[in-house]
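Structure below is my_file02.txt: compact mmCIF, C-alpha atoms (C1' of nucleotides).
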```txt
# COMPACT_ATOMS: atom_id res chain seq x y z
CA MET Q 29 1.60 -6.58 3.70
CA MET Q 30 -1.58 -5.62 5.41
CA PHE Q 31 -5.24 -5.16 5.34
CA SER Q 32 -6.08 -1.53 5.90
CA THR Q 33 -8.17 -0.13 8.70
CA LYS Q 34 -11.02 0.06 6.24
CA ALA Q 35 -11.46 -3.64 6.85
CA GLU Q 36 -11.06 -3.31 10.58
CA TYR Q 37 -13.43 -0.37 11.05
CA GLY Q 38 -15.99 -1.85 8.73
CA ILE Q 39 -15.91 -5.17 10.50
CA ARG Q 40 -16.31 -3.45 13.83
CA VAL Q 41 -19.41 -1.76 12.51
CA MET Q 42 -20.76 -5.08 11.31
CA ALA Q 43 -19.92 -6.69 14.63
CA HIS Q 44 -21.66 -3.89 16.47
CA LEU Q 45 -24.79 -4.36 14.42
CA ALA Q 46 -24.65 -8.11 14.95
CA LYS Q 47 -24.32 -7.70 18.68
CA GLN Q 48 -27.45 -5.55 18.89
CA ALA Q 49 -29.53 -7.81 16.71
CA ASP Q 50 -28.51 -10.60 19.05
CA GLY Q 51 -31.49 -10.03 21.31
CA ALA Q 52 -33.38 -13.27 21.09
CA ASN Q 53 -32.20 -16.04 18.84
CA GLY Q 54 -29.35 -14.45 16.96
CA ASP Q 55 -31.15 -15.19 13.74
CA ALA Q 56 -33.55 -12.29 13.45
CA PRO Q 57 -31.76 -9.28 11.99
CA ALA Q 58 -34.67 -6.90 11.77
CA THR Q 59 -34.63 -5.10 15.08
CA GLN Q 60 -34.52 -1.34 15.41
CA PRO Q 61 -32.04 0.31 13.11
CA ILE Q 62 -28.94 1.65 14.81
CA SER Q 63 -27.58 5.06 13.89
CA LEU Q 64 -24.03 5.28 12.67
CA GLY Q 65 -23.48 8.08 15.15
CA SER Q 66 -24.05 5.82 18.10
CA ILE Q 67 -21.72 3.22 16.64
CA ALA Q 68 -19.03 5.80 16.02
CA ASP Q 69 -19.45 6.89 19.62
CA ALA Q 70 -19.31 3.41 21.07
CA GLU Q 71 -16.36 2.30 18.99
CA GLY Q 72 -14.48 5.56 19.16
CA LEU Q 73 -14.27 5.96 15.41
CA PRO Q 74 -14.84 9.05 13.24
CA LEU Q 75 -18.42 9.17 12.04
CA ALA Q 76 -17.68 10.89 8.74
CA TYR Q 77 -15.24 8.19 7.82
CA LEU Q 78 -17.57 5.37 8.78
CA GLU Q 79 -20.15 6.78 6.42
CA HIS Q 80 -17.85 6.00 3.53
CA LEU Q 81 -17.26 2.49 4.72
CA VAL Q 82 -20.85 1.69 5.43
CA ARG Q 83 -21.74 2.85 1.97
CA ARG Q 84 -19.67 0.01 0.58
CA LEU Q 85 -21.38 -2.40 2.90
CA ARG Q 86 -24.74 -1.20 1.70
CA LYS Q 87 -23.81 -1.48 -1.94
CA ALA Q 88 -22.74 -5.03 -1.25
CA GLU Q 89 -26.15 -5.59 0.31
CA LEU Q 90 -24.71 -6.58 3.64
CA VAL Q 91 -26.60 -3.90 5.55
CA GLU Q 92 -29.88 -2.13 5.03
CA SER Q 93 -30.59 1.45 5.91
CA ARG Q 94 -33.52 3.54 7.05
CA ARG Q 95 -33.23 7.23 6.50
CA GLY Q 96 -34.59 10.08 8.52
CA ALA Q 97 -35.02 10.48 12.24
CA HIS Q 98 -34.58 7.28 14.21
CA GLY Q 99 -33.08 5.81 11.09
CA GLY Q 100 -29.93 3.78 10.95
CA TYR Q 101 -28.61 0.47 9.81
CA THR Q 102 -29.48 -3.18 10.27
CA LEU Q 103 -27.90 -6.33 8.97
CA ALA Q 104 -29.42 -7.38 5.70
CA ARG Q 105 -29.15 -11.03 6.68
CA PRO Q 106 -28.68 -12.97 9.91
CA ALA Q 107 -25.11 -12.84 11.20
CA THR Q 108 -24.81 -16.58 10.91
CA ASP Q 109 -25.33 -16.18 7.19
CA ILE Q 110 -22.69 -13.54 6.49
CA THR Q 111 -19.18 -14.75 5.80
CA MET Q 112 -16.19 -12.61 6.60
CA ALA Q 113 -15.06 -13.09 3.02
CA GLU Q 114 -18.05 -11.08 1.86
CA VAL Q 115 -17.43 -8.36 4.38
CA VAL Q 116 -13.75 -8.00 3.64
CA ALA Q 117 -14.34 -8.10 -0.10
CA ALA Q 118 -16.97 -5.37 0.19
CA LEU Q 119 -14.61 -3.16 2.16
CA GLU Q 120 -11.24 -3.82 0.60
CA GLY Q 121 -12.17 -4.87 -2.88
CA ASP Q 122 -11.06 -8.07 -4.47
CA ILE Q 123 -8.96 -10.43 -2.44
CA ALA Q 124 -6.10 -10.70 -4.89
CA PRO Q 125 -2.70 -10.88 -3.27
CA ILE Q 126 -1.00 -9.29 -6.24
CA GLU Q 127 -1.71 -7.21 -9.28
CA CYS Q 128 -1.18 -9.79 -11.99
CA ILE Q 129 -3.62 -12.20 -10.39
CA THR Q 130 -7.28 -11.41 -10.77
CA ALA Q 131 -10.21 -13.46 -9.58
CA ASP Q 132 -12.89 -13.50 -12.23
CA SER Q 133 -16.18 -14.23 -10.56
CA ASP Q 134 -15.94 -16.52 -9.00
CA GLY Q 135 -12.91 -18.19 -7.70
CA VAL Q 136 -10.95 -18.85 -10.86
CA LEU Q 137 -7.60 -17.13 -10.81
CA THR Q 138 -5.85 -15.95 -13.92
CA CYS Q 139 -2.47 -14.35 -14.37
CA SER Q 140 -2.40 -11.38 -16.70
CA ARG Q 141 1.16 -12.18 -17.61
CA GLU Q 142 0.07 -15.49 -19.05
CA GLY Q 143 1.44 -16.25 -22.47
CA SER Q 144 5.22 -16.33 -22.83
CA GLU Q 145 5.71 -17.98 -19.47
CA PRO Q 146 3.41 -17.69 -16.51
CA CYS Q 147 5.36 -15.87 -13.85
CA PRO Q 148 6.82 -18.44 -11.49
CA THR Q 149 5.26 -16.59 -8.64
CA LYS Q 150 1.75 -17.48 -9.73
CA LEU Q 151 1.75 -20.78 -7.91
CA LEU Q 152 2.65 -19.00 -4.71
CA TRP Q 153 0.04 -16.27 -4.96
CA THR Q 154 -2.56 -18.82 -5.90
CA ARG Q 155 -1.93 -20.77 -2.75
CA VAL Q 156 -1.76 -17.72 -0.52
CA GLN Q 157 -4.94 -16.30 -1.94
CA GLY Q 158 -6.60 -19.68 -1.57
CA SER Q 159 -5.70 -19.95 2.07
CA ILE Q 160 -6.87 -16.43 2.82
CA VAL Q 161 -10.18 -16.88 1.06
CA ARG Q 162 -10.68 -20.23 2.69
CA THR Q 163 -10.25 -18.97 6.23
CA LEU Q 164 -12.33 -15.92 5.43
CA ASN Q 165 -15.10 -18.10 4.08
CA GLU Q 166 -15.02 -20.46 7.02
CA MET Q 167 -15.79 -17.64 9.42
CA THR Q 168 -19.14 -15.95 9.79
CA LEU Q 169 -19.95 -12.64 11.38
CA ASP Q 170 -21.67 -14.56 14.13
CA ASP Q 171 -18.43 -16.39 14.94
CA LEU Q 172 -16.82 -13.04 15.56
CA VAL Q 173 -19.49 -11.77 17.86
CA GLN Q 174 -19.66 -14.86 19.99
CA PRO Q 175 -16.25 -15.10 21.60
CA LEU Q 176 -17.64 -17.61 24.07
CA ARG Q 177 -17.36 -20.61 21.87
CA LYS Q 178 -15.31 -23.73 21.70
CA ALA Q 179 -12.46 -21.45 20.59
CA THR Q 180 -11.10 -23.55 17.80
CA LEU Q 181 -7.82 -21.76 17.50
CA ALA Q 182 -5.26 -22.41 14.80
CA MET U 2 -5.65 -6.18 -0.01
CA MET U 3 -2.45 -7.06 -1.73
CA PHE U 4 1.16 -7.80 -1.59
CA SER U 5 3.09 -5.17 -3.49
CA THR U 6 5.28 -5.78 -6.50
CA LYS U 7 8.22 -5.61 -4.17
CA ALA U 8 7.37 -9.16 -3.23
CA GLU U 9 6.76 -10.22 -6.79
CA TYR U 10 9.90 -8.71 -8.27
CA GLY U 11 12.04 -9.91 -5.40
CA ILE U 12 10.71 -13.43 -5.70
CA ARG U 13 11.34 -13.43 -9.41
CA VAL U 14 14.95 -12.51 -8.73
CA MET U 15 15.22 -15.31 -6.21
CA ALA U 16 13.60 -17.73 -8.63
CA HIS U 17 15.99 -16.66 -11.35
CA LEU U 18 18.97 -17.30 -9.12
CA ALA U 19 17.56 -20.65 -8.10
CA LYS U 20 17.05 -21.70 -11.68
CA GLN U 21 20.68 -21.01 -12.59
CA ALA U 22 22.09 -22.74 -9.55
CA ASP U 23 20.02 -25.70 -10.57
CA GLY U 24 22.81 -27.14 -12.70
CA ALA U 25 23.52 -30.45 -11.04
CA ASN U 26 21.67 -31.45 -7.92
CA GLY U 27 19.72 -28.39 -7.03
CA ASP U 28 21.44 -28.31 -3.70
CA ALA U 29 24.69 -26.56 -4.50
CA PRO U 30 24.11 -22.82 -4.47
CA ALA U 31 27.67 -21.69 -5.10
CA THR U 32 27.93 -21.50 -8.85
CA GLN U 33 29.00 -18.40 -10.73
CA PRO U 34 27.42 -15.23 -9.43
CA ILE U 35 24.80 -13.72 -11.70
CA SER U 36 24.72 -10.01 -12.32
CA LEU U 37 21.57 -8.10 -11.48
CA GLY U 38 21.76 -6.53 -14.91
CA SER U 39 21.29 -9.83 -16.67
CA ILE U 40 18.37 -10.67 -14.39
CA ALA U 41 16.77 -7.30 -15.01
CA ASP U 42 17.18 -7.93 -18.72
CA ALA U 43 15.77 -11.43 -18.65
CA GLU U 44 12.81 -10.55 -16.45
CA GLY U 45 12.14 -7.19 -18.02
CA LEU U 46 12.39 -5.29 -14.77
CA PRO U 47 14.16 -2.00 -14.01
CA LEU U 48 17.66 -2.64 -12.77
CA ALA U 49 17.85 0.36 -10.48
CA TYR U 50 14.75 -0.75 -8.67
CA LEU U 51 15.90 -4.32 -8.29
CA GLU U 52 18.99 -3.04 -6.55
CA HIS U 53 16.82 -1.78 -3.74
CA LEU U 54 15.01 -5.06 -3.43
CA VAL U 55 18.09 -7.22 -3.57
CA ARG U 56 19.60 -5.17 -0.81
CA ARG U 57 16.83 -6.34 1.48
CA LEU U 58 17.46 -9.90 0.43
CA ARG U 59 21.12 -9.51 1.20
CA LYS U 60 20.48 -7.98 4.61
CA ALA U 61 18.23 -10.93 5.34
CA GLU U 62 21.11 -13.19 4.32
CA LEU U 63 19.14 -14.87 1.61
CA VAL U 64 21.62 -13.97 -1.14
CA GLU U 65 25.34 -13.37 -1.20
CA SER U 66 27.10 -10.90 -3.42
CA ARG U 67 30.44 -10.56 -5.14
CA ARG U 68 31.43 -7.08 -6.16
CA GLY U 69 33.46 -5.90 -9.10
CA ALA U 70 33.68 -7.22 -12.62
CA HIS U 71 32.00 -10.57 -13.13
CA GLY U 72 30.42 -10.07 -9.78
CA GLY U 73 26.79 -10.69 -8.99
CA TYR U 74 24.57 -12.63 -6.67
CA THR U 75 24.14 -16.21 -5.57
CA LEU U 76 21.73 -17.85 -3.20
CA ALA U 77 23.11 -17.95 0.29
CA ARG U 78 21.56 -21.36 0.88
CA PRO U 79 20.16 -24.13 -1.29
CA ALA U 80 16.76 -23.33 -2.71
CA THR U 81 15.25 -26.32 -0.93
CA ASP U 82 16.23 -24.65 2.31
CA ILE U 83 14.67 -21.24 1.74
CA THR U 84 11.03 -20.82 2.67
CA MET U 85 8.86 -18.32 0.91
CA ALA U 86 7.96 -16.92 4.30
CA GLU U 87 11.53 -15.73 4.73
CA VAL U 88 11.63 -14.22 1.28
CA VAL U 89 8.36 -12.38 1.61
CA ALA U 90 9.22 -11.17 5.09
CA ALA U 91 12.56 -9.85 3.86
CA LEU U 92 10.90 -7.95 1.06
CA GLU U 93 7.65 -6.76 2.57
CA GLY U 94 8.44 -6.60 6.21
CA ASP U 95 6.44 -8.33 8.89
CA ILE U 96 3.50 -10.43 7.84
CA ALA U 97 0.90 -8.73 9.99
CA PRO U 98 -2.49 -8.41 8.38
CA ILE U 99 -3.41 -5.32 10.33
CA GLU U 100 -1.84 -2.58 12.36
CA CYS U 101 -3.02 -3.54 15.81
CA ILE U 102 -1.65 -7.05 15.48
CA THR U 103 2.09 -7.44 15.83
CA ALA U 104 4.08 -10.64 15.78
CA ASP U 105 6.75 -10.51 18.45
CA SER U 106 9.49 -12.90 17.45
CA ASP U 107 8.41 -15.42 17.00
CA GLY U 108 4.90 -16.28 16.17
CA VAL U 109 3.02 -14.96 19.17
CA LEU U 110 0.46 -12.40 18.16
CA THR U 111 -0.58 -9.55 20.39
CA CYS U 112 -3.19 -6.89 19.90
CA SER U 113 -2.08 -3.40 20.83
CA ARG U 114 -5.65 -2.51 21.70
CA GLU U 115 -5.65 -5.13 24.41
CA GLY U 116 -6.98 -3.97 27.73
CA SER U 117 -10.54 -2.66 27.79
CA GLU U 118 -11.79 -5.20 25.34
CA PRO U 119 -9.74 -6.91 22.71
CA CYS U 120 -11.15 -5.77 19.39
CA PRO U 121 -13.55 -8.41 18.15
CA THR U 122 -11.64 -8.51 14.92
CA LYS U 123 -8.57 -9.99 16.56
CA LEU U 124 -9.77 -13.55 16.20
CA LEU U 125 -10.21 -13.01 12.50
CA TRP U 126 -6.83 -11.42 11.86
CA THR U 127 -5.18 -14.07 13.93
CA ARG U 128 -6.58 -16.79 11.79
CA VAL U 129 -5.91 -15.05 8.53
CA GLN U 130 -2.35 -14.30 9.49
CA GLY U 131 -1.91 -17.87 10.62
CA SER U 132 -3.08 -19.28 7.35
CA ILE U 133 -0.87 -16.94 5.33
CA VAL U 134 2.22 -17.71 7.34
CA ARG U 135 1.48 -21.40 7.23
CA THR U 136 1.22 -21.59 3.46
CA LEU U 137 4.24 -19.34 3.10
CA ASN U 138 6.23 -21.59 5.38
CA GLU U 139 5.15 -24.75 3.67
CA MET U 140 6.58 -23.58 0.37
CA THR U 141 10.25 -23.41 -0.48
CA LEU U 142 11.96 -21.50 -3.24
CA ASP U 143 12.69 -24.82 -4.87
CA ASP U 144 8.98 -25.62 -5.05
CA LEU U 145 8.53 -22.47 -7.06
CA VAL U 146 11.25 -23.21 -9.53
CA GLN U 147 10.22 -26.78 -10.19
CA PRO U 148 6.76 -26.48 -11.72
CA LEU U 149 7.07 -30.11 -12.83
CA ARG U 150 6.03 -31.68 -9.60
CA LYS U 151 3.15 -33.62 -8.24
CA ALA U 152 1.29 -30.30 -8.27
CA THR U 153 -0.30 -30.46 -4.84
CA LEU U 154 -2.87 -27.79 -5.44
CA ALA U 155 -5.29 -26.43 -2.89
C1' DC X 16 -40.96 22.91 10.42
C1' DC X 17 -37.26 21.32 12.81
C1' DT X 18 -34.42 17.81 14.14
C1' DT X 19 -32.27 13.58 13.18
C1' DC X 20 -30.61 10.75 10.36
C1' DT X 21 -28.81 8.69 5.79
C1' DC X 22 -26.62 9.97 1.61
C1' DC X 23 -23.16 12.01 -1.71
C1' DG X 24 -19.35 14.44 -3.67
C1' DA X 25 -15.38 17.13 -3.05
C1' DC X 26 -11.33 18.04 -0.80
C1' DC X 27 -6.74 17.47 2.03
C1' DG X 28 -2.42 15.84 4.23
C1' DC X 29 0.38 12.19 4.53
C1' DA X 30 2.72 7.83 3.84
C1' DT X 31 4.20 4.50 0.86
C1' DA X 32 5.13 2.31 -3.56
C1' DG X 33 7.55 2.38 -7.66
C1' DG X 34 11.10 4.19 -9.99
C1' DT X 35 15.25 7.37 -11.34
C1' DA X 36 19.86 9.57 -10.81
C1' DG X 37 24.43 9.91 -9.52
C1' DG X 38 28.06 8.68 -7.45
C1' DA X 39 31.47 5.82 -4.56
C1' DT X 40 33.71 1.47 -4.27
C1' DT X 41 35.38 -3.03 -5.50
C1' DT X 42 37.29 -6.30 -8.73
C1' DG X 43 38.74 -8.80 -12.94
C1' DA X 44 40.87 -8.26 -17.46
C1' DG X 45 43.81 -6.05 -20.86
C1' DC E 30 47.85 0.83 -14.46
C1' DT E 31 43.80 1.55 -16.19
C1' DC E 32 39.36 0.61 -17.73
C1' DA E 33 35.03 -1.55 -17.51
C1' DA E 34 31.74 -4.12 -15.07
C1' DA E 35 29.62 -4.76 -11.35
C1' DT E 36 27.79 -3.98 -6.43
C1' DC E 37 26.65 -0.52 -3.14
C1' DC E 38 24.53 3.72 -1.09
C1' DT E 39 21.94 8.06 -0.64
C1' DA E 40 18.96 11.14 -2.31
C1' DC E 41 15.20 12.42 -4.87
C1' DC E 42 10.78 12.39 -7.62
C1' DT E 43 5.88 11.30 -8.71
C1' DA E 44 1.57 8.99 -8.38
C1' DT E 45 -1.66 6.63 -5.72
C1' DG E 46 -4.43 5.43 -1.93
C1' DC E 47 -5.49 5.78 2.92
C1' DG E 48 -7.45 8.01 6.72
C1' DG E 49 -10.07 11.82 7.54
C1' DT E 50 -12.94 16.30 7.12
C1' DC E 51 -16.51 19.32 5.30
C1' DG E 52 -20.73 20.98 3.41
C1' DG E 53 -24.73 20.08 1.84
C1' DA E 54 -28.81 17.57 -0.20
C1' DG E 55 -32.51 14.47 0.69
C1' DA E 56 -35.85 11.53 3.84
C1' DA E 57 -38.56 10.59 7.86
C1' DG E 58 -40.55 11.40 12.72
C1' DG E 59 -42.28 14.55 16.38
```

Just give me the structure as structure tokens.
Amino acid sequence: MMFSTKAEYGIRVMAHLAKQADGANGDAPATQPISLGSIADAEGLPLAYLEHLVRRLRKAELVESRRGAHGGYTLARPATDITMAEVVAALEGDIAPIECITADSDGVLTCSREGSEPCPTKLLWTRVQGSIVRTLNEMTLDDLVQPLRKATLA
Amino acid sequence: MMFSTKAEYGIRVMAHLAKQADGANGDAPATQPISLGSIADAEGLPLAYLEHLVRRLRKAELVESRRGAHGGYTLARPATDITMAEVVAALEGDIAPIECITADSDGVLTCSREGSEPCPTKLLWTRVQGSIVRTLNEMTLDDLVQPLRKATLA
DNA sequence: CCTTCTCCGACCGCATAGGTAGGATTTGAG
DNA sequence: CTCAAATCCTACCTATGCGGTCGGAGAAGG
């Protein structure tokens, strides 16, 4: 049971972008765009692979791009306004802990095996999914990039 | 992001066993052993595959087996005493949301990329993993098999 | 026009999931 | 004693997705 590195790499890209935009107030996203190449360099990740990931982020409208020389990416919204749930969902797809459970937009879970008897496991997956989504929603990109906080662990 | 059907199938087997042992008080596990074949039949799952899963459950000492004719499986402990965290861990392996985070027995999380700078994502994975494990620990097999409860959702 | 980028599709090797097959072994029942 | 029902174990197969690479087509600045 895991998230894949897609989520990790993608989040690192987002975090990198957030850190750079953090010049003044941490609210203004529209600084100079940052090239994926420089991010790949800094984070030690393969550029070609990041391109795939960042495409998902763009389709989810979490980043904006400028093409051509001196192009690159910027956050589409301030980091304080981007929840990790959005980011993870964009990268990994739906946050459904198991096949038979699907989250129809938004939030409501249904079990495809409904009918006869709902599989007894549904209650479990529902709760697990709920707790994941909840913690993912409670955390913004800004929380990630500011490790110098009140550190509300656990 | 998902649990695999390994978890689902395995849990359904456990739930099936728990339901049968539920004759009197719900605490006595040692009734007649139930054959995997009958479970596979009842749940509509491939027997040969369940054998693999139930092996994991046995190695984790969650079920006990009796071989030979009229053999089968029984819960090793009362259902009220088996947490879903144990079951899922037995079936899926460690509950670590991402590669770089490993849970050294027990509970303490460490990031293999520690050193230079801990990856900014660690805080996130730590929380997510915590919330998964917590909800998995709070739920027993008995909770699953008794859908007629006070239904403490969310 | 040339370089620097974003974009896009195709491809590849590998690991794992999901499932099958076949047999060895144990045990109760006739 | 023998047969059938069951667990046990090892090996294998196939499909899918992940992590990653490649080549090239567009866009924008100098």

Near chain U, meaning an atom within 10 Å, which residues of chain Q appear when counting all atoms listed in the file? Write them as a PDB file with C-alpha atoms, in the coordinates of the input.
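After the write, part-v3.pdb holds the following:
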```pdb
ATOM      1  CA  MET Q  29       1.600  -6.580   3.700  1.00  0.00           C
ATOM      2  CA  MET Q  30      -1.580  -5.620   5.410  1.00  0.00           C
ATOM      3  CA  PHE Q  31      -5.240  -5.160   5.340  1.00  0.00           C
ATOM      4  CA  SER Q  32      -6.080  -1.530   5.900  1.00  0.00           C
ATOM      5  CA  THR Q  33      -8.170  -0.130   8.700  1.00  0.00           C
ATOM      6  CA  ALA Q  35     -11.460  -3.640   6.850  1.00  0.00           C
ATOM      7  CA  GLU Q  36     -11.060  -3.310  10.580  1.00  0.00           C
ATOM      8  CA  TYR Q  37     -13.430  -0.370  11.050  1.00  0.00           C
ATOM      9  CA  ILE Q  39     -15.910  -5.170  10.500  1.00  0.00           C
ATOM     10  CA  ARG Q  40     -16.310  -3.450  13.830  1.00  0.00           C
ATOM     11  CA  ALA Q  43     -19.920  -6.690  14.630  1.00  0.00           C
ATOM     12  CA  HIS Q  44     -21.660  -3.890  16.470  1.00  0.00           C
ATOM     13  CA  GLU Q  71     -16.360   2.300  18.990  1.00  0.00           C
ATOM     14  CA  MET Q 112     -16.190 -12.610   6.600  1.00  0.00           C
ATOM     15  CA  VAL Q 116     -13.750  -8.000   3.640  1.00  0.00           C
ATOM     16  CA  ALA Q 117     -14.340  -8.100  -0.100  1.00  0.00           C
ATOM     17  CA  LEU Q 119     -14.610  -3.160   2.160  1.00  0.00           C
ATOM     18  CA  GLU Q 120     -11.240  -3.820   0.600  1.00  0.00           C
ATOM     19  CA  GLY Q 121     -12.170  -4.870  -2.880  1.00  0.00           C
ATOM     20  CA  ASP Q 122     -11.060  -8.070  -4.470  1.00  0.00           C
ATOM     21  CA  ILE Q 123      -8.960 -10.430  -2.440  1.00  0.00           C
ATOM     22  CA  ALA Q 124      -6.100 -10.700  -4.890  1.00  0.00           C
ATOM     23  CA  PRO Q 125      -2.700 -10.880  -3.270  1.00  0.00           C
ATOM     24  CA  ILE Q 126      -1.000  -9.290  -6.240  1.00  0.00           C
ATOM     25  CA  GLU Q 127      -1.710  -7.210  -9.280  1.00  0.00           C
ATOM     26  CA  CYS Q 128      -1.180  -9.790 -11.990  1.00  0.00           C
ATOM     27  CA  CYS Q 147       5.360 -15.870 -13.850  1.00  0.00           C
ATOM     28  CA  PRO Q 148       6.820 -18.440 -11.490  1.00  0.00           C
ATOM     29  CA  THR Q 149       5.260 -16.590  -8.640  1.00  0.00           C
ATOM     30  CA  LYS Q 150       1.750 -17.480  -9.730  1.00  0.00           C
ATOM     31  CA  LEU Q 151       1.750 -20.780  -7.910  1.00  0.00           C
ATOM     32  CA  LEU Q 152       2.650 -19.000  -4.710  1.00  0.00           C
ATOM     33  CA  TRP Q 153       0.040 -16.270  -4.960  1.00  0.00           C
ATOM     34  CA  THR Q 154      -2.560 -18.820  -5.900  1.00  0.00           C
ATOM     35  CA  ARG Q 155      -1.930 -20.770  -2.750  1.00  0.00           C
ATOM     36  CA  VAL Q 156      -1.760 -17.720  -0.520  1.00  0.00           C
ATOM     37  CA  GLN Q 157      -4.940 -16.300  -1.940  1.00  0.00           C
ATOM     38  CA  GLY Q 158      -6.600 -19.680  -1.570  1.00  0.00           C
ATOM     39  CA  SER Q 159      -5.700 -19.950   2.070  1.00  0.00           C
ATOM     40  CA  ILE Q 160      -6.870 -16.430   2.820  1.00  0.00           C
ATOM     41  CA  VAL Q 161     -10.180 -16.880   1.060  1.00  0.00           C
ATOM     42  CA  ARG Q 162     -10.680 -20.230   2.690  1.00  0.00           C
ATOM     43  CA  THR Q 163     -10.250 -18.970   6.230  1.00  0.00           C
ATOM     44  CA  LEU Q 164     -12.330 -15.920   5.430  1.00  0.00           C
ATOM     45  CA  MET Q 167     -15.790 -17.640   9.420  1.00  0.00           C
ATOM     46  CA  THR Q 168     -19.140 -15.950   9.790  1.00  0.00           C
ATOM     47  CA  LEU Q 169     -19.950 -12.640  11.380  1.00  0.00           C
ATOM     48  CA  ASP Q 171     -18.430 -16.390  14.940  1.00  0.00           C
ATOM     49  CA  LEU Q 172     -16.820 -13.040  15.560  1.00  0.00           C
ATOM     50  CA  VAL Q 173     -19.490 -11.770  17.860  1.00  0.00           C
ATOM     51  CA  GLN Q 174     -19.660 -14.860  19.990  1.00  0.00           C
ATOM     52  CA  PRO Q 175     -16.250 -15.100  21.600  1.00  0.00           C
ATOM     53  CA  ALA Q 179     -12.460 -21.450  20.590  1.00  0.00           C
ATOM     54  CA  LEU Q 181      -7.820 -21.760  17.500  1.00  0.00           C
ATOM     55  CA  ALA Q 182      -5.260 -22.410  14.800  1.00  0.00           C
TER      56      ALA Q 182
END
```

key: Residue neighbourhood DC42 in chain E, 12 Å, all atoms listed in the file, exclusion window fewer than 5 positions, as a list in words   =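 Listing them by chain and then by number gives DG33, DG34, DT35 and DA36 of chain X.
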
request  = Provide as a PyMOL selection string the residues of chain X at most 8 Å from chain Q, counting all atoms listed in the file.
outcome  = chain X and resi 18-21

Mind dumping a table of every chain E residue within 9 Å of chain U, with the nearest atom pair and its distance in Å to one decimal, using all atoms listed in the file, sorted by chain and rising number, as CSV?
```
residue,atom,partner,partner_atom,distance
E:DA33,C1',U:Ala70,CA,7.6
E:DA34,C1',U:Ala70,CA,4.4
E:DA35,C1',U:Gly69,CA,4.6
E:DT36,C1',U:Arg68,CA,4.8
E:DC37,C1',U:Arg68,CA,8.7
```

task = Write out as a PyMOL selection string the residues lying within 10 Å of DT39 in chain E, counting all atoms listed in the file and excluding same-chain residues fewer than 2 positions away.
result = (chain X and resi 37-38) or (chain E and resi 41)

task = Compile the contact shell of DT50 in chain E as a VMD selection string: residues with an atom at most 9 Å away, counting only C-alpha atoms (C1' of nucleotides), same-chain residues fewer than 4 positions apart removed.
result = (chain Q and resid 76 to 77) or (chain X and resid 26 to 27)

request  = Quick one: pull the distance between CA of Leu46 in chain U and CA of Gly11 in chain U, Å, one decimal.
outcome  = 10.5 Å

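Straight-line separation from CA of Glu89 in chain Q to CA of Ala104 in chain Q: 6.6 Å.
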
request  = Could you check how far CA of Pro34 in chain U sits from CA of Met15 in chain U, in Å to one decimal?
outcome  =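 So the answer is 12.6 Å.
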